[in-house]
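S.K.: Got a structure for you, coords11.csv, holding CSV, C-alpha atoms and all ligand atoms.
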```
chain,number,residue,atom,x,y,z
A,1,MET,CA,-129.2,75.4,31.8
A,2,ILE,CA,-131.0,78.2,30.1
A,3,ASP,CA,-132.7,79.0,33.5
A,4,ALA,CA,-129.3,80.1,35.0
A,5,PHE,CA,-128.9,82.6,32.1
A,6,LYS,CA,-132.5,83.7,32.4
A,7,GLN,CA,-132.1,84.5,36.1
A,8,ALA,CA,-128.9,86.4,35.5
A,9,SER,CA,-130.5,88.5,32.7
A,10,GLU,CA,-132.5,90.6,35.1
A,11,PRO,CA,-131.5,94.2,34.2
A,12,VAL,CA,-132.5,95.7,37.6
A,13,THR,CA,-129.1,95.0,39.3
A,14,ALA,CA,-130.6,95.2,42.8
A,15,ARG,CA,-132.7,92.2,41.9
A,16,ASN,CA,-130.2,90.3,39.8
A,17,PRO,CA,-129.0,87.2,41.7
A,18,ALA,CA,-125.7,87.1,39.8
A,19,VAL,CA,-124.9,90.8,40.7
A,20,LYS,CA,-125.9,90.1,44.3
A,21,GLU,CA,-123.5,87.2,44.4
A,22,LEU,CA,-120.7,89.4,43.1
A,23,LYS,CA,-121.4,92.0,45.8
A,24,GLN,CA,-121.5,89.3,48.5
A,25,SER,CA,-118.1,88.1,47.4
A,26,GLY,CA,-116.7,91.6,47.9
A,27,ARG,CA,-116.4,92.6,44.2
A,28,ARG,CA,-116.9,96.2,43.2
A,29,VAL,CA,-119.6,96.5,40.5
A,30,ILE,CA,-119.9,99.4,38.1
A,31,GLY,CA,-122.6,100.3,35.6
A,32,TYR,CA,-122.1,101.4,32.0
A,33,THR,CA,-124.5,102.2,29.2
A,34,CYS,CA,-123.0,101.4,25.8
A,35,SER,CA,-121.2,98.6,24.1
A,36,ASN,CA,-118.3,101.0,23.2
A,37,PHE,CA,-117.2,101.0,26.9
A,38,PRO,CA,-113.8,99.2,27.3
A,39,GLU,CA,-114.9,97.0,30.1
A,40,GLU,CA,-111.5,95.2,30.3
A,41,ILE,CA,-109.9,98.3,32.0
A,42,ALA,CA,-112.3,98.1,34.9
A,43,TYR,CA,-112.1,94.2,35.0
A,44,ALA,CA,-108.3,94.4,35.1
A,45,ALA,CA,-108.7,96.4,38.3
A,46,GLY,CA,-110.9,93.7,39.9
A,47,MET,CA,-114.2,95.4,39.2
A,48,VAL,CA,-117.1,93.8,37.3
A,49,PRO,CA,-118.8,96.1,34.8
A,50,VAL,CA,-122.6,95.6,34.4
A,51,ARG,CA,-124.7,97.1,31.6
A,52,ALA,CA,-127.6,99.5,32.1
A,53,ILE,CA,-130.3,98.6,29.5
A,54,GLY,CA,-133.4,100.0,31.0
A,55,ALA,CA,-136.0,97.6,32.5
A,56,PRO,CA,-139.1,95.9,31.1
A,57,GLY,CA,-142.1,98.2,31.2
A,58,LEU,CA,-140.2,101.0,33.0
A,59,GLY,CA,-140.9,104.2,31.1
A,60,GLY,CA,-138.8,106.3,33.5
A,61,GLU,CA,-139.5,109.7,35.0
A,62,THR,CA,-138.0,112.9,33.5
A,63,GLY,CA,-136.7,115.1,36.2
A,64,PRO,CA,-135.6,118.8,35.8
A,65,LEU,CA,-132.3,117.6,34.3
A,66,GLN,CA,-133.8,115.3,31.8
A,67,PRO,CA,-135.8,116.6,28.9
A,68,GLU,CA,-139.0,114.7,28.1
A,69,ALA,CA,-137.9,113.9,24.6
A,70,GLN,CA,-135.6,111.1,25.7
A,71,CYS,CA,-135.7,107.4,24.6
A,72,SER,CA,-137.1,105.0,27.2
A,73,VAL,CA,-133.7,103.4,27.7
A,74,ALA,CA,-132.2,106.7,28.9
A,75,ARG,CA,-135.3,107.6,31.0
A,76,SER,CA,-135.6,104.2,32.7
A,77,ASN,CA,-131.8,104.1,33.4
A,78,LEU,CA,-132.0,107.4,35.2
A,79,GLN,CA,-135.0,106.2,37.2
A,80,LEU,CA,-133.0,103.1,38.2
A,81,ALA,CA,-129.9,105.1,39.0
A,82,LEU,CA,-131.8,107.6,41.2
A,83,GLY,CA,-134.0,105.0,42.8
A,84,GLU,CA,-133.4,101.5,44.2
A,85,GLY,CA,-132.8,99.7,40.9
A,86,PHE,CA,-129.0,100.3,40.7
A,87,SER,CA,-128.5,100.9,44.4
A,88,ASN,CA,-126.0,98.0,44.6
A,89,LEU,CA,-123.6,99.6,42.1
A,90,ASP,CA,-120.3,101.2,43.2
A,91,GLY,CA,-120.0,103.5,40.3
A,92,PHE,CA,-121.0,104.3,36.8
A,93,VAL,CA,-119.3,105.1,33.5
A,94,VAL,CA,-120.9,106.8,30.5
A,95,THR,CA,-119.2,106.9,27.1
A,96,ASN,CA,-120.0,109.6,24.6
A,97,SER,CA,-122.6,108.2,22.2
A,98,CYS,CA,-125.8,110.1,21.7
A,99,ASP,CA,-127.3,113.3,23.3
A,100,MET,CA,-129.4,111.2,25.6
A,101,ALA,CA,-126.3,109.5,27.1
A,102,GLN,CA,-124.6,112.8,27.6
A,103,ASN,CA,-127.7,114.1,29.3
A,104,PHE,CA,-127.9,111.0,31.5
A,105,TYR,CA,-124.3,111.7,32.6
A,106,SER,CA,-125.1,115.3,33.4
A,107,ALA,CA,-127.9,114.2,35.6
A,108,LEU,CA,-125.7,111.6,37.4
A,109,GLU,CA,-123.1,114.3,37.9
A,110,HIS,CA,-125.7,116.6,39.5
A,111,TYR,CA,-127.5,114.0,41.7
A,112,SER,CA,-124.3,112.0,42.4
A,113,PRO,CA,-125.9,108.6,43.3
A,114,PHE,CA,-122.6,106.7,42.9
A,115,PRO,CA,-119.2,106.9,44.7
A,116,PHE,CA,-117.4,106.6,41.3
A,117,LEU,CA,-118.5,108.4,38.2
A,118,HIS,CA,-116.6,108.9,34.9
A,119,PHE,CA,-117.3,110.1,31.4
A,120,ILE,CA,-115.2,108.8,28.5
A,121,SER,CA,-115.3,111.1,25.5
A,122,ARG,CA,-115.2,108.6,22.7
A,123,PRO,CA,-114.9,110.4,19.3
A,124,ASN,CA,-117.8,109.8,16.9
A,125,ILE,CA,-115.4,109.3,14.0
A,126,ALA,CA,-113.6,106.0,13.5
A,127,HIS,CA,-110.7,105.0,11.3
A,128,SER,CA,-108.9,108.4,11.8
A,129,ARG,CA,-105.5,108.8,13.4
A,130,PRO,CA,-106.3,112.0,15.4
A,131,ALA,CA,-109.5,110.3,16.7
A,132,LEU,CA,-107.6,107.2,17.8
A,133,ASP,CA,-104.9,109.3,19.5
A,134,PHE,CA,-107.6,111.3,21.4
A,135,PHE,CA,-109.5,108.2,22.4
A,136,ARG,CA,-106.2,106.5,23.6
A,137,PHE,CA,-105.6,109.6,25.8
A,138,GLU,CA,-109.2,109.3,27.2
A,139,LEU,CA,-108.6,105.7,28.1
A,140,ASP,CA,-105.5,106.6,30.0
A,141,VAL,CA,-107.4,109.2,31.9
A,142,PHE,CA,-110.1,106.6,32.7
A,143,LYS,CA,-107.4,104.0,33.7
A,144,GLN,CA,-105.9,106.6,36.1
A,145,ALA,CA,-109.4,107.4,37.6
A,146,VAL,CA,-110.0,103.6,38.2
A,147,GLU,CA,-106.5,103.2,39.8
A,148,ARG,CA,-107.3,106.1,42.2
A,149,PHE,CA,-110.6,104.5,43.0
A,150,VAL,CA,-109.4,101.0,43.8
A,151,GLY,CA,-106.1,102.3,45.3
A,152,LYS,CA,-103.7,100.3,43.2
A,153,PRO,CA,-102.1,100.5,39.7
A,154,ILE,CA,-103.4,98.3,36.8
A,155,ALA,CA,-100.5,96.4,35.3
A,156,ASP,CA,-100.2,95.6,31.6
A,157,GLU,CA,-100.4,91.9,32.6
A,158,ASP,CA,-103.8,92.4,34.3
A,159,LEU,CA,-105.0,94.2,31.2
A,160,SER,CA,-103.8,91.4,28.9
A,161,ASN,CA,-105.5,88.8,31.1
A,162,ALA,CA,-108.7,90.8,31.1
A,163,ILE,CA,-108.6,91.0,27.3
A,164,SER,CA,-108.2,87.2,27.0
A,165,VAL,CA,-111.1,86.6,29.3
A,166,TYR,CA,-113.3,89.0,27.3
A,167,ASN,CA,-112.1,87.6,24.0
A,168,GLU,CA,-113.0,84.1,25.0
A,169,ASN,CA,-116.5,85.2,26.0
A,170,ARG,CA,-116.9,87.0,22.6
A,171,ARG,CA,-115.7,83.8,20.8
A,172,LEU,CA,-118.2,81.6,22.7
A,173,LEU,CA,-121.1,84.0,22.1
A,174,LYS,CA,-120.3,84.0,18.4
A,175,GLU,CA,-120.3,80.2,18.4
A,176,LEU,CA,-123.8,80.2,20.0
A,177,TYR,CA,-124.9,82.9,17.5
A,178,ASP,CA,-123.8,80.7,14.6
A,179,LEU,CA,-125.9,77.8,16.0
A,180,ARG,CA,-128.9,80.0,15.7
A,181,GLY,CA,-128.4,81.2,12.1
A,182,LYS,CA,-125.7,79.3,10.2
A,183,GLY,CA,-127.4,75.8,10.0
A,184,GLU,CA,-130.4,74.8,8.0
A,185,LYS,CA,-132.5,74.8,11.1
A,186,PRO,CA,-131.8,77.0,14.2
A,187,LEU,CA,-130.5,75.0,17.2
A,188,ILE,CA,-131.2,77.9,19.6
A,189,SER,CA,-134.1,80.4,19.4
A,190,GLY,CA,-133.6,84.1,19.1
A,191,SER,CA,-135.1,84.6,22.6
A,192,ASP,CA,-132.8,82.1,24.3
A,193,PHE,CA,-129.8,83.5,22.6
A,194,THR,CA,-130.7,87.0,23.8
A,195,ARG,CA,-131.1,85.7,27.4
A,196,VAL,CA,-127.6,84.3,27.3
A,197,ALA,CA,-126.2,87.5,25.7
A,198,ILE,CA,-128.0,89.7,28.3
A,199,ALA,CA,-126.8,87.5,31.2
A,200,SER,CA,-123.2,88.1,30.0
A,201,PHE,CA,-123.7,91.8,31.1
A,202,TYR,CA,-124.3,90.8,34.7
A,203,MET,CA,-121.9,88.0,35.4
A,204,ASP,CA,-118.2,87.9,35.8
A,205,LYS,CA,-117.2,87.1,32.2
A,206,ALA,CA,-115.0,84.1,33.3
A,207,ARG,CA,-118.0,82.6,35.0
A,208,HIS,CA,-120.3,83.3,32.1
A,209,SER,CA,-117.9,81.6,29.7
A,210,GLU,CA,-117.7,78.5,32.0
A,211,LEU,CA,-121.5,78.2,31.9
A,212,LEU,CA,-121.6,78.9,28.2
A,213,LYS,CA,-119.2,76.1,27.3
A,214,GLY,CA,-121.6,73.6,28.9
A,215,PHE,CA,-124.6,75.2,27.3
A,216,LEU,CA,-123.0,75.1,23.8
A,217,GLU,CA,-122.5,71.3,24.2
A,218,GLU,CA,-126.2,71.0,25.2
A,219,VAL,CA,-127.4,73.1,22.2
A,220,ARG,CA,-125.2,71.3,19.7
A,221,ARG,CA,-126.6,67.9,20.9
A,222,GLY,CA,-130.2,69.1,21.0
A,223,PRO,CA,-132.9,69.0,18.2
A,224,PRO,CA,-133.6,72.1,16.1
A,225,VAL,CA,-135.9,74.6,17.9
A,226,ALA,CA,-138.0,75.2,14.8
A,227,GLU,CA,-138.8,73.0,11.8
A,228,SER,CA,-139.9,75.8,9.7
A,229,CYS,CA,-139.9,79.6,10.3
A,230,VAL,CA,-139.5,82.9,8.5
A,231,ARG,CA,-135.8,83.8,9.2
A,232,VAL,CA,-135.3,87.4,9.9
A,233,HIS,CA,-132.5,89.8,10.7
A,234,LEU,CA,-133.2,92.2,13.6
A,235,SER,CA,-131.8,95.7,13.6
A,236,GLY,CA,-132.0,98.2,16.5
A,237,SER,CA,-130.4,99.3,19.7
A,238,THR,CA,-131.3,97.9,23.1
A,239,PHE,CA,-134.1,95.9,24.6
A,240,PRO,CA,-134.3,95.0,28.3
A,241,ASP,CA,-135.5,91.5,27.8
A,242,ALA,CA,-136.4,88.9,25.1
A,243,GLU,CA,-140.1,89.8,24.7
A,244,LEU,CA,-139.7,91.0,21.2
A,245,PHE,CA,-137.9,87.8,20.1
A,246,GLU,CA,-140.6,85.7,21.8
A,247,LEU,CA,-143.4,87.5,19.9
A,248,ILE,CA,-141.6,87.0,16.6
A,249,GLU,CA,-141.3,83.3,17.4
A,250,GLN,CA,-145.0,83.1,18.3
A,251,VAL,CA,-146.0,84.5,15.0
A,252,GLY,CA,-143.9,82.0,13.0
A,253,GLY,CA,-140.6,83.9,12.6
A,254,MET,CA,-137.2,83.5,14.1
A,255,VAL,CA,-134.5,86.1,14.6
A,256,VAL,CA,-131.4,84.4,13.1
A,257,SER,CA,-129.0,87.3,13.0
A,258,ASP,CA,-128.9,90.9,14.3
A,259,ASP,CA,-127.1,94.2,14.5
A,260,LEU,CA,-128.1,95.2,18.0
A,261,CYS,CA,-126.2,97.0,20.7
A,262,ILE,CA,-127.1,94.0,22.9
A,263,GLY,CA,-126.2,91.6,20.1
A,264,THR,CA,-123.4,91.5,17.5
A,265,ARG,CA,-122.3,95.1,18.2
A,266,TYR,CA,-121.4,93.9,21.6
A,267,PHE,CA,-119.5,90.7,21.0
A,268,MET,CA,-118.2,90.7,17.4
A,269,ALA,CA,-114.6,91.8,16.8
A,270,PRO,CA,-112.0,90.6,19.4
A,271,VAL,CA,-109.4,92.9,20.9
A,272,GLU,CA,-106.0,92.1,19.3
A,273,GLU,CA,-103.8,90.2,21.7
A,274,GLY,CA,-100.0,90.1,22.0
A,275,GLY,CA,-99.3,93.9,21.7
A,276,ALA,CA,-99.6,96.9,23.9
A,277,PRO,CA,-103.0,96.3,25.6
A,278,MET,CA,-104.2,99.9,26.0
A,279,ASP,CA,-103.4,100.5,22.3
A,280,ALA,CA,-105.3,97.4,21.3
A,281,LEU,CA,-108.3,98.4,23.4
A,282,ALA,CA,-108.4,101.9,21.9
A,283,ASP,CA,-108.3,100.4,18.4
A,284,ARG,CA,-111.1,97.9,19.0
A,285,TYR,CA,-113.5,100.2,20.8
A,286,LEU,CA,-113.1,103.0,18.3
A,287,ASN,CA,-112.9,101.0,15.1
A,288,LYS,CA,-115.1,98.0,15.8
A,289,MET,CA,-118.4,97.5,14.0
A,290,ALA,CA,-119.8,100.8,12.9
A,291,CYS,CA,-122.8,101.9,14.9
A,292,PRO,CA,-125.5,104.6,14.2
A,293,CYS,CA,-123.9,107.1,16.6
A,294,MET,CA,-120.8,107.3,14.4
A,295,HIS,CA,-120.5,109.9,11.7
A,296,HIS,CA,-117.5,108.9,9.5
A,297,GLY,CA,-118.1,108.7,5.7
A,298,SER,CA,-117.9,104.9,5.3
A,299,LYS,CA,-120.3,104.1,8.2
A,300,LEU,CA,-123.4,103.4,6.2
A,301,ASP,CA,-121.5,101.2,3.8
A,302,GLU,CA,-120.1,99.3,6.7
A,303,ARG,CA,-123.5,98.9,8.3
A,304,TYR,CA,-125.2,97.9,5.1
A,305,ASP,CA,-122.5,95.4,4.1
A,306,PHE,CA,-122.7,93.8,7.6
A,307,ILE,CA,-126.5,93.4,7.4
A,308,LYS,CA,-126.3,92.0,3.8
A,309,GLY,CA,-123.5,89.6,4.9
A,310,GLN,CA,-125.6,88.4,7.8
A,311,LEU,CA,-128.7,87.9,5.6
A,312,GLN,CA,-126.6,85.8,3.2
A,313,GLN,CA,-124.8,83.7,5.9
A,314,CYS,CA,-127.9,83.1,8.0
A,315,GLY,CA,-130.5,82.7,5.2
A,316,GLY,CA,-132.4,85.8,6.3
A,317,GLN,CA,-135.6,86.5,4.4
A,318,GLY,CA,-136.2,90.0,5.6
A,319,VAL,CA,-135.1,92.7,8.0
A,320,ILE,CA,-137.1,94.0,11.0
A,321,PHE,CA,-136.1,97.4,12.3
A,322,ALA,CA,-137.3,97.7,15.9
A,323,LEU,CA,-136.1,101.2,17.0
A,324,GLN,CA,-136.5,103.1,20.2
A,325,ARG,CA,-138.8,106.1,19.9
A,326,LEU,CA,-136.9,109.4,19.9
A,327,CYS,CA,-133.6,107.7,19.1
A,328,ASP,CA,-132.5,110.1,16.3
A,329,CYS,CA,-129.2,108.3,15.4
A,330,HIS,CA,-130.9,105.0,14.6
A,331,LEU,CA,-133.8,106.7,12.9
A,332,VAL,CA,-131.5,108.7,10.6
A,333,ASP,CA,-129.6,105.6,9.6
A,334,TYR,CA,-132.8,103.6,9.1
A,335,GLN,CA,-134.0,105.8,6.2
A,336,ALA,CA,-130.8,105.2,4.3
A,337,LEU,CA,-130.6,101.4,5.1
A,338,ARG,CA,-134.2,100.8,4.3
A,339,TYR,CA,-133.8,102.5,0.9
A,340,ARG,CA,-130.8,100.3,0.1
A,341,LEU,CA,-132.5,97.1,1.2
A,342,GLN,CA,-135.6,97.9,-0.7
A,343,SER,CA,-133.5,98.7,-3.8
A,344,ASP,CA,-132.0,95.2,-3.4
A,345,GLY,CA,-135.5,93.6,-3.1
A,346,ILE,CA,-135.2,92.7,0.6
A,347,PRO,CA,-138.4,93.1,2.5
A,348,CYS,CA,-138.2,95.4,5.6
A,349,LEU,CA,-140.5,96.1,8.5
A,350,TYR,CA,-140.3,99.2,10.8
A,351,HIS,CA,-141.6,99.2,14.3
A,352,GLU,CA,-141.1,101.8,17.0
A,353,VAL,CA,-140.6,100.5,20.6
A,354,GLU,CA,-140.8,102.3,23.9
A,355,ALA,CA,-140.8,101.0,27.4
A,356,THR,CA,-143.0,98.2,26.0
A,357,ILE,CA,-142.8,96.7,22.5
A,358,GLY,CA,-146.4,97.4,21.7
A,359,SER,CA,-147.2,93.7,21.1
A,360,GLY,CA,-150.8,94.0,20.0
A,361,GLN,CA,-150.1,96.2,17.0
A,362,LEU,CA,-146.8,94.4,16.3
A,363,ARG,CA,-148.4,91.0,16.1
A,364,THR,CA,-150.6,92.1,13.2
A,365,LYS,CA,-147.7,93.8,11.5
A,366,LEU,CA,-145.5,90.7,11.8
A,367,GLU,CA,-148.2,88.4,10.4
A,368,ALA,CA,-148.5,90.5,7.3
A,369,PHE,CA,-144.7,90.9,7.0
A,370,PHE,CA,-144.0,87.2,7.4
A,371,GLU,CA,-146.5,86.5,4.6
A,372,ILE,CA,-144.5,88.7,2.2
A,373,ALA,CA,-141.0,87.7,3.5
A,374,GLY,CA,-141.8,84.0,3.6
A,375,ARG,CA,-143.1,83.8,0.0
A,376,ASP,CA,-139.9,82.4,-1.7
B,1,LIG,S1,-125.9,102.9,18.9
B,1,LIG,FE1,-123.6,102.8,19.3
B,1,LIG,S2,-123.2,104.4,20.7
B,1,LIG,FE2,-125.5,104.0,20.8
B,1,LIG,S3,-125.7,102.5,22.4
B,1,LIG,FE3,-125.4,101.4,20.5
B,1,LIG,S4,-123.3,100.9,20.3
B,1,LIG,FE4,-123.5,102.6,21.9
B,2,LIG,S1,-131.6,104.0,22.2
B,2,LIG,FE1,-130.7,105.6,20.9
B,2,LIG,S2,-131.1,107.5,21.9
B,2,LIG,FE2,-131.4,105.9,23.4
B,2,LIG,S3,-129.5,105.7,24.5
B,2,LIG,FE3,-129.4,104.2,22.8
B,2,LIG,S4,-128.5,105.3,21.1
B,2,LIG,FE4,-129.1,106.9,22.6
```
The structure given in the file should be rewritten as structure tokens.

M.R.:
Amino acid sequence: MIDAFKQASEPVTARNPAVKELKQSGRRVIGYTCSNFPEEIAYAAGMVPVRAIGAPGLGGETGPLQPEAQCSVARSNLQLALGEGFSNLDGFVVTNSCDMAQNFYSALEHYSPFPFLHFISRPNIAHSRPALDFFRFELDVFKQAVERFVGKPIADEDLSNAISVYNENRRLLKELYDLRGKGEKPLISGSDFTRVAIASFYMDKARHSELLKGFLEEVRRGPPVAESCVRVHLSGSTFPDAELFELIEQVGGMVVSDDLCIGTRYFMAPVEEGGAPMDALADRYLNKMACPCMHHGSKLDERYDFIKGQLQQCGGQGVIFALQRLCDCHLVDYQALRYRLQSDGIPCLYHEVEATIGSGQLRTKLEAFFEIAGRD
């Protein structure tokens, strides 16, 4: 069954069979960049949001509206948006995160490759009443823009249904995540888990959940995927495929937990159900797990506590930071997190990735790191 997820994890949407199927069935499909985009609003209007995570080996081209000092995710996303890669998308939504995302939006506004384009100005400060009120207002503006685009209002009932569909998918992804890290031996590899998680970006969530339920049964029945391995936590942002995870496995390690924008930052923390759906969405997408693009005072404590908690729950023996070159927000946090981890005696490895993960150099670094991390 992993093959179905593997096929659907193709980030170039024009080549992705799951996205093609959605288009053939008449669904509108819109792209988005970051895990802080409230997909449920678009889904409630009958659209299917799909994630832009760059593409393997695609470095991107910087045009006049994109400075050269951009991470490879932003560069390759723009190349896909202006070329054939995202040609089957009906629209695109960018949420305020880093400078690169804002720049990406400006370029889309100028070149206008999609019939629908929207920017959601999400505050970079969580846990604050004014920020929540502002974000709530921004979500209303977005909802109205979607309603104009699809030509019909979005009812609260549609929003509540969408929230249930997404929450179920989050719960199932978390169950699979636990089968990787919680037991004595992982029942699913880091690379296969990532394929399943990435596939969820390109399928209707209800369909993905249906497949995932069957897959969970298969994984629970199956033998462990590794008898012995160095268990690591992976910290970073976005990768367009599972290559990094595979390399870690080839060298004798296993990613058993993560704080990635394509991992836990995406599926942890459900939206509260039973109340006013737009309020619940604003609360979840502003105050969910802290990410490096946020600036509120407790952010580093939140991030550090999460990483420490994952290491304890999943038996992690060290932390690998695999960060995108030129991603300032992750690099700034890295310095503080590394200092805290090292003060607690937890081994860390830093590796910079671009359009490719730099596997030759990384293999050598991993071998040395696993020797230190795997000592106890
Ligand atoms: S670091 Fe935060 S804002 Fe940036 S892509 Fe990840 S979740 Fe989004
Ligand atoms: S990798 Fe960093 S710089 Fe690039 S889009 Fe994500 S958060 Fe922004």

S.K.: List the neighbours of segment 87-95 of chain A out to 8 Å using only C-alpha atoms; skip same-chain residues closer than 4 positions along the sequence, and give me the result as a VMD selection string.

M.R.: chain A and resid 13 to 14 20 23 28 to 34 36 to 37 80 to 81 83 101 to 102 105 114 to 122

S.K.: Collect all residues with atoms no farther than 9 Å from ligand LIG 1 (chain B), counting only C-alpha atoms and all ligand atoms, and output them as a list in words.

M.R.: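 Protein and nucleic-acid residues within 9 Å of ligand LIG 1 (chain B): Thr33, Cys34, Ser35, Asn36, Phe37, Thr95, Asn96, Ser97, Cys98, Ala101, Asn124, Gly236, Ser237, Thr238, Leu260, Cys261, Ile262, Arg265, Tyr266, Met289, Ala290, Cys291, Pro292, Cys293, Met294, Cys329 and His330 of chain A.
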
S.K.: Determine the nearest neighbour of Ser9 of chain A from the options A:Met203, A:Val251, A:Ile346, A:Leu187, counting only C-alpha atoms.

M.R.: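 Selected residue with least distance to Ser9 of chain A: A:Met203.
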
S.K.: What separation in Å, quoted to one decimal, exists between atom CA of Tyr285 of chain A and atom CA of Asn167 of chain A?

M.R.: 13.1 Å

S.K.: Which residue, A:Phe135, A:Phe104, A:Tyr111, A:Phe149, has the smallest gap to Gly46 of chain A when you use only C-alpha atoms?

M.R.: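 Closest residue, counting only C-alpha atoms: A:Phe149.
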
S.K.: So that I can check the surroundings of Val256 of chain A, please list as a ChimeraX atom specification every protein, DNA and RNA residue that reaches within 12 Å of it, counting all atoms listed in the file and ignoring chain neighbours fewer than 2 positions away.

M.R.: /A:176-194,225-226,229-235,245,248-249,253-254,258-259,263-264,307,310-320

S.K.: Please, what distance in Å, to one decimal, runs between atom CA of Val73 of chain A and atom CA of Ala52 of chain A?

M.R.: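 Those two atoms sit 8.5 Å apart.
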
S.K.: Return the single residue from A:Ser200, A:Ser164, A:Asn287, A:Gln361 that is closest to Pro123 of chain A, with distances computed using all atoms listed in the file.

M.R.: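 Ranked by minimum distance to Pro123 of chain A, first place goes to A:Asn287.
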
S.K.: To one decimal place, how far is atom CA of Val353 of chain A from atom CA of Ala322 of chain A in Å?

M.R.: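 For atom CA of Val353 of chain A relative to atom CA of Ala322 of chain A, the distance reads 6.4 Å.
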
S.K.: Measuring atom to atom with all atoms listed in the file, identify which of A:Gln7, A:Ser112, A:Ser257, A:Gln79 is nearest to Asp241 of chain A.

M.R.: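 The shortest atom-to-atom distance to Asp241 of chain A comes from A:Gln7.
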
S.K.: For segment 258-272 of chain A, which lacks atoms in the input, supply N, CA and C atoms and format the output as a PDB file, in the coordinates of the input.

M.R.:
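The resulting result-v4.pdb:
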```pdb
ATOM      1  N   ASP A 258    -128.489  89.561  13.799  1.00  0.00           N
ATOM      2  CA  ASP A 258    -128.900  90.900  14.300  1.00  0.00           C
ATOM      3  C   ASP A 258    -127.735  91.886  14.114  1.00  0.00           C
ATOM      4  N   ASP A 259    -128.094  93.154  14.173  1.00  0.00           N
ATOM      5  CA  ASP A 259    -127.100  94.200  14.500  1.00  0.00           C
ATOM      6  C   ASP A 259    -127.718  95.063  15.556  1.00  0.00           C
ATOM      7  N   LEU A 260    -127.534  94.585  16.776  1.00  0.00           N
ATOM      8  CA  LEU A 260    -128.100  95.200  18.000  1.00  0.00           C
ATOM      9  C   LEU A 260    -126.970  95.621  18.907  1.00  0.00           C
ATOM     10  N   CYS A 261    -127.238  96.638  19.728  1.00  0.00           N
ATOM     11  CA  CYS A 261    -126.200  97.000  20.700  1.00  0.00           C
ATOM     12  C   CYS A 261    -126.145  95.973  21.844  1.00  0.00           C
ATOM     13  N   ILE A 262    -127.179  95.122  21.950  1.00  0.00           N
ATOM     14  CA  ILE A 262    -127.100  94.000  22.900  1.00  0.00           C
ATOM     15  C   ILE A 262    -126.806  92.698  22.188  1.00  0.00           C
ATOM     16  N   GLY A 263    -126.445  92.784  20.919  1.00  0.00           N
ATOM     17  CA  GLY A 263    -126.200  91.600  20.100  1.00  0.00           C
ATOM     18  C   GLY A 263    -124.784  91.668  19.513  1.00  0.00           C
ATOM     19  N   THR A 264    -124.737  91.557  18.179  1.00  0.00           N
ATOM     20  CA  THR A 264    -123.400  91.500  17.500  1.00  0.00           C
ATOM     21  C   THR A 264    -122.553  92.698  17.776  1.00  0.00           C
ATOM     22  N   ARG A 265    -123.180  93.896  17.909  1.00  0.00           N
ATOM     23  CA  ARG A 265    -122.300  95.100  18.200  1.00  0.00           C
ATOM     24  C   ARG A 265    -121.589  94.954  19.478  1.00  0.00           C
ATOM     25  N   TYR A 266    -122.079  94.083  20.351  1.00  0.00           N
ATOM     26  CA  TYR A 266    -121.400  93.900  21.600  1.00  0.00           C
ATOM     27  C   TYR A 266    -120.264  92.872  21.543  1.00  0.00           C
ATOM     28  N   PHE A 267    -120.503  91.745  20.854  1.00  0.00           N
ATOM     29  CA  PHE A 267    -119.500  90.700  21.000  1.00  0.00           C
ATOM     30  C   PHE A 267    -118.682  90.358  19.758  1.00  0.00           C
ATOM     31  N   MET A 268    -119.016  90.958  18.613  1.00  0.00           N
ATOM     32  CA  MET A 268    -118.200  90.700  17.400  1.00  0.00           C
ATOM     33  C   MET A 268    -116.869  91.455  17.592  1.00  0.00           C
ATOM     34  N   ALA A 269    -115.884  91.078  16.845  1.00  0.00           N
ATOM     35  CA  ALA A 269    -114.600  91.800  16.800  1.00  0.00           C
ATOM     36  C   ALA A 269    -113.799  91.670  18.088  1.00  0.00           C
ATOM     37  N   PRO A 270    -112.866  90.710  18.171  1.00  0.00           N
ATOM     38  CA  PRO A 270    -112.000  90.600  19.400  1.00  0.00           C
ATOM     39  C   PRO A 270    -111.027  91.739  19.481  1.00  0.00           C
ATOM     40  N   VAL A 271    -110.479  91.915  20.684  1.00  0.00           N
ATOM     41  CA  VAL A 271    -109.400  92.900  20.900  1.00  0.00           C
ATOM     42  C   VAL A 271    -108.104  92.113  20.467  1.00  0.00           C
ATOM     43  N   GLU A 272    -107.211  92.786  19.731  1.00  0.00           N
ATOM     44  CA  GLU A 272    -106.000  92.100  19.300  1.00  0.00           C
ATOM     45  C   GLU A 272    -105.122  91.779  20.518  1.00  0.00           C
TER      46      GLU A 272
END
```
